[in-house]
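What follows is a single structure, written as structure tokens, with notes after it.
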Amino acid sequence: MLYWILIAVTVLLSVIAGLVFLKQLRWGLTTTALHDTFNWGLYIQGFFYLSALAGGILVFVSAATLFKIEAVRSLAEIGAAVSLSCLICAAGLLGADLGKPFRALKIVTGKNLASPLTWDFFMLSLCGVLNVIFLTGVIHNGGLVTTIWSILCLIAALAYVMIHTLFFLSRVGAGFRSQPFLGLDTLAQSLWGGMALVNLIALATGMKESNLAGILLILTILALIPITGSYIASLTSTGSEVDRKIIFLDTFILLILIVTQIIGPRNTFLPALASVLILVAVFMEKSHVMRQYQMNPTVPFPYSQFDEKPAYKPTAAEWMLVLGGLAACVWLSSGIIYLKTLMAGG
Amino acid sequence: MRHAMVIDLSRCVGCGTCTVACRAEHGTPAGVSYNKVKKYEVGKYPTAKIKFLPILCMHCQDPACLKVCPTGATYKREDGIVLIDHDKCIGCRACVVACPYESRQFLWDIRNYYPGHVPTPYEVLKQKDFEKGTVVKCNFCLQRLEEGQLPACVVACPAQARYFGDLDDPESEVSRLIADYRGTPFREELGTQPSIYYVKG
Amino acid sequence: MLKRFIDYARRFKGLESNQKAFKPSPYKWKQVDPKEKGKRQVLYGLCRACMQGDCATLVYLEDGIIVKTEGNPEAPPNYGSLCPRGKSELMGLYNPYRVKTPMVRANPEKGLDVDPMWKEVTWDEALDLVVERLKNVREKDPRGLVLCEGWGQRDTILRQPFGQAFGTPNEIGSHGALCTVHYPSGLVHAGYPVAIVDLEYCQYHITLGRSLGPNFATAPGTRKFARAIERGMKLVVVDPRSSYEASKGEWIPIRPGSDLAFLLGMAHVMLFEVQRYDVWFLKNRTNAPYLIGPDGDYCRDQKTGKPLMWEAIEDTAKPFDAEFEDIALTGTHTVNGVECRAGFDVVCDEFSKYTPEWAEGICTVPARTIRRIAKEFVEHARIGSTIEIDGFTFPFRPVSLNTERNVTNRRGGTYADLTGKIINMLVGNIEVPGGCLSCSFRGPIMGPDEDGTVKPAYEAVPRPFKYPPDHIGLAEFYPHQHTAPHIAIKSILDPEKYYLDYLIEAYISVGGNPIKMNAQPHAYVEGFKKIPFVVSVALHMDEPAILSDVLLPEHSALERFRVAAFYPQHQSIDDEVNGLKMIQLREPVPRLFNTKHADDIFTELAERLGILCGEGGLYDHLNNNIDWVDKTDGLNMNGEYKLDINRKYTLKEIVDRQIRGWPYSGGKGLKDLKEKGYIAHWKPRKEFYNYYYFPDDKTRHPFYFLGLKKVGDELRANLLEHNISFPGVDDMDYVFDLYRPVPHWVETPEFRAPEGFDLWAINWKTPYYSSDAGNVAGNPWLAELYSKDPYEAVICLNPVTAQRKNIKDGDMVIIESRYGKIEGRVRVSELFHPDAVGISGNYGLGTLQSNPLNRIGPNFNTLLSLDEKTFDGVSGGQDSAPRVKLYKKEVRK
């Protein structure tokens with residue numbers, strides 16, 4: 001029953017998002033709060049978020065497949081479905097951000113291999129295809145195909161996750177937190193978020209034997225270190241700041257996971273709570289990245305002395321569209337799983 | 001042949017004629033400026049001065065915008081001019097984010113200058129060339145260059161602070177000015193190799 | 001829609017409430033005429049986006065639509081360049097807020113925010129209605145008509161003769177009361193409107209309260225400025241604000257309103273410390289050696305009545321035009337039994353008080369800086385050097401000090417300009433290459449009068465006294481006044497107090513907006529309400545228009561046919577236009593609305609009033625008028641080309657005759673002018689320097705300003721005879737203190753402001769707002785610039801002052817003078833003197849039906865005083881720097 005309510009609610013949210021998107025098609029991006037000095041906002045944030053989760057899950061799936069960890073085999077299958085829907089929704093959000101969404105396929109003909117977006121497009125597409133292949137069940141038996149699939153999957157997923165560090169490269173000089181932490185941070189957030197989602201699935205589907213709280217604990221530390229590092233780095237340079245709220249949240253998650261380890265792995269509430277918080281933390285981090293890169297005028301001081309500080313507060317329409325996109329992941333995953341069982345059954 | 005501009009900062013008085021001349025030449029919609037003048041203060045009272053930095057598309061030889069453009073909409077001509085093929089632009093704004101000079105603008109909307117009124121006949125005529133959802137920028141007044149005229153901002157500047165010419169020709173006015181006054185591009189350290197040089201800053 | 005507008009003027013947040021009155025016009029633009037489709041056309045234009053209005057343009061049309069205005073690259077004075085206003089002119093044409101058809105008011109209640117309930121009428125109906133009312137006024141007393149002009153309409157040649165034919169003396173300018181800068185140049189140079197610097201040669205230029213061009217972006221001025229700076233001219237800008245120009249030279253911050261103290265201090269240093277002046281010049285080209293009697297008049301030869309000078313060798317006094325071996329510049333002698341002192345000494349006596357230390361106490365410029373500037377000025381003057389131009393040898397003085405409205409516009413302002421003249425005369429740079437030149441007619445205008453000194457011209461010629469006065473602006477009481485809308489409005493509101501024996505019954509506005517351009521806008525609104533019948537020859541729904549009874553819509557600048565004579569320029573001069581005599585053509589673009597050329601309106605009105613033809617008619621006056629500024633070099637009706645006063649002409653016919661009669665046209669006419677858009681004639685460069693016409697000792701500039709004293713004495717006698725004083729000033733000596741022959745320190749009432757009024761508000765023209773020609777504030781292209789400019793439509797404060805008042809950048813504050821109160825957003829900037837509150841341009845006000853852009857921003861003029869005691873009694877100028885207090889605006893939650 002609860003399941004069907006969830007599906008109904010998410011479908012409703014997505015329908016609303018669809019309507020918002022239709023309105024946006026008519027009026028363009030003026031329905032958003034984006035403007036000349038704040039070019040990328042909630043849509044790109046949502047895109048980064050969902051694609052990061054998808055990437056994290058894919059790393060889990062391909063690792064489990066590569067190392068033939070049978071215990072998590074069914075979890076991996078659901079993971080692949082979730083990953084695929086995340087990718088589809090991420091692409092949808094990216095499309096929603098385009099001034100000319102119907103021209104999106106021009107990326108294929110553009111063939112500009114210097115563009116991160118081109119690589120992003122190809123790697124995401126590749127991941128999508130690999131997901132579909134996985135879901136058809138041909139990667140079941142191990143052997144050379146499985147190995148190649150796993151390796152390809154790892155490469156593609158890690159590649160696009162890392163490509164997402166390139167988009168704001170030109171703004172790094174403008175004072176964003178120092179470059180050494182950016183790559184690690186992006187990677188860690190992706191693995192962390194992906195694993196949290198996998199953990200939630202495991203808990204929700206009753207696959208408690210594969211308690212992943214231990215891995216989450218490790219990944220939490222992996223995520224906390226670079227963001228704390230960037231915070232320390234930001235203290236030494238002006239014009240940048242790291243949202244300390246995120247560090248506090250990350251630390252809080254770490255504490256929960258430590259407590260989980262102490263009181264015993266049988267507890268499900270704490271790992272579930274930690275996982276939800278991790279998903280929130282990753283979303284916040286993506287928002288933070290968007291703002292950090294665009295918080296100062298492009299042209300440096302003193303030339304921009306009288307430029308207004310870029311400000312951005314997403315409109316309700318943007319929130320609705322992004323929420324709809326996130327919600328779509330839920331019913332889309334369910335749909336894919338349903339299809340898969342249908343196919344398997346047939 | 002490489003088109004280039006030299007801006008004499010000691011001459012610029014920050015009046016904004018270049019901004020309006022550019023607007024008049026291209027008929028850009030409200031809120032869109034290809035050609036801007038940054039005003040800033042240096043020094044403290046009583047020796048404070050106001051300074052000006054005119055910025056436009058720098059027509060970089062190694063343009064950050066071109067690199068990030070996924071569709072190849074942004075391209076560079078043999079003569080150094082960086083252009084946008086608006087039919088190819090998907091409006092992803094990666095170039096806007098990448099440009100270190102604020103030289104690109106996304107057309108969120110095609111706005112009129114008299115809000116609340118029907119567009120003026122001038123705007124109706126001129127705005128045919130603009131497509132909402134794409135990115136626009138200075139084209140070095142290519143349409144004028146093709147007719148043998150200098151860019152609109154160069155002609156209009158009342159302080160005669162702008163010079164236009166061929167950077168490949170060491171005898172051209174721009175080359176000589178750059179050599180004589182050690183002209184440098186803005187944010188040269190970024191390595192984008194702009195075609196706009198500043199002298200006497 | 002409205003939200004979008006606010007969006008791009010986002011920084012004016014907090015003023016949105018003003019926008020409620022904004023109603024979009026239902027007007028739809030005319031469709032493109034299919035016949036025009038695909039056609040391209042270029043017209044010769046003549047810019048009218050500022051008071052100067054002499055930039056040659058090319059106007060491009062496509063499909064019958066104006067697509068751009070560009071400088072005409074061939075033509076002086078701008079040679080292709082233009083300014084932001086000129087470049088924006090087409091948006092002033094395509095302006096939905098224009099008055100598009102004749103209209104008559106239906107609502108008797110008047111106010112800036114009261115809907116007049118306009119009723120559209122035909123031109124015939126409108127004109128008949130106006131003529132019927134004007135006829136009554138004229139029959140009763142023609143003085144009852146006020147004809148108010150301004151920068152919005154400088155393209156009419158028939159307005160003035162219309163007023164003359166009607167018989168009213170009350171043609172007033174709407175704008176000049178904050179630009180009373182003319183008298184001293186008329187007195188010393190016999191020139192008009194101001195004295196400027198010769199940027200061709202000048203090496204050291206001191207400028208106060210004015211612009212050389214860049215500050216408000218006049219294209220020709222900026223061209224010359226950039227070249228002069230490039231060739232290394234040293235520029236010293238004495239200003240409370242580090243302006244664009246100050247930033248290209250040396251900025252000397254000064255306390256607002258205290259320039260007179262600085263100038264007196266500088267003159268003191270030159271007279272008593274540097275003591276190197278152009279003695280030859282002072283002896284031979286000024287009245288400095290004239291002997292002054294105890295009564296302050298010249299000591300005169302008993303036989304001839306001529307002023308006397310002392311012959312040092314013979315030790316005797318001789319008439320100034322006698323043979324002198326050595327003229328004594330100084331000394332006290334007894335002549336005809338009275339003790340006389342050389343004028344130079346009299347000036348020195350007065351100036352001995354004004355040490356730089358004294359000046360520093362008032363103007364805050366350090367004494368050592370005043371000393372250094374004075375010394376550098378003299379050093380750069382190259383006293384004794386000469387230059388040959390076209391075979392004629394001139395004294396060469398590559399220095400100049402020039403002052404303008406922000407120096408002269410206050411009590412004592414005339415003295416400040418005159419002190420500047422003394423400083424210039426001390427180095428002998430008047431009307432010589434490199435020096436200080438008037439910018440009017442070039443020719444033999446500096447001829448001597450019977451006393452041997454330059455015969456005063458233009459506004460230095462006093463208007464005759466009459467009681468009761470004829471002139472609504474009281475020219476009889478302020479005989480050297482510039483335009484006086486501020487006095488006019490007071491006499492309209494209180495005719496008895498202003499001794500008027502008639503009432504103002506009708507008012508025609510022609511491009512003038514006294515409400516916006518002067519102190520206390522709301523006083524003018526009251527004045528307008530009081531006038532029974534107001535007509536506006538209207539461009540857009542500005543303040544006078546919405547208070548009018550009838551609107552006669554006129555063409556916008558681009559639609560106006562115009563041929564104008566090129567005036568020497570107001571900001572500076574160099575060889576780019578030196579010696580240029582030119583007439584320029586504007587070919588009109590197709591008109592958009594049911595509008596008329598202002599001159600066609602005057603023709604129609606005059607014809608219907610029966611004052612077009614015949615003796616004393618409009619044509620008769622036009623035939624006899626001579627161009628005010630450019631005299632015979634202007635466009636006049638000359639010789640055989642005078643009009644037949646008994647038939648009607650089209651405007652083009654009249655202009656064609658003007659061109660044919662122009663001394664440099666070679667008989668060419670309008671048709672020939674269309675070839676290039678202009679006819680230029682270059683005079684030899686030597687003829688540009690007025691020294692040429694009266695070299696050596698052929699004329700003498702007043703150094704001791706007897707002319708001022710004489711006019712004052714005469715005026716005093718007249719007032720005493722009628723037992724009256726100046727309206728609004730009980731003690732007439734308060735005004736006559738400003739008519740002394742030697743400048744002296746006078747305090748403006750602002751120096752005595754009560755405690756709490758610790759700052760001074762200052763104002764300046766900007767590239768987007770120089771003069772209100774064609775509603776620049778409402779031009780959205782300019783609005784986009786000024787809404788993003790850090791210093792426009794905000795309240796500028798020095799950081800120290802801001803900190804003292806606990807105010808941060810971006811705070812909303814209230815500025816309160818003793819006369820008015822405004823509010824605005826603070827910009828903290830190092831570019832301002834700590835005593836100054838900087839408010840640029842002339843924003844704010846506007847009407848219910850005007851472009852809402854006109855309603856945005858602080859209205860500086862509201863802070864100014866309409867009290868006679870704050871005026872300069874000589875020029876009638878209003879004080880442009882009132883004392884103010886400033887405090888944070890309480891934000892209501």
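If you're wondering about the labels, chains in the structure tokens are A, B, ... by order shown, residues count from 1 in each chain, ligands from 1 in order shown.
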For this session: Specify as a count of residues only all residues of chain A found within 7 Å of chain B, counting only C-alpha atoms.
Result: 32
For this session: Please identify every residue of chain B that has at least one atom no more than 7 Å from any atom of chain C, counting only C-alpha atoms, and report them as a PyMOL selection string.
Result: chain B and resi 11+13+15-17+20-21+24-25+31+44-50+113-118+120-122+155-160
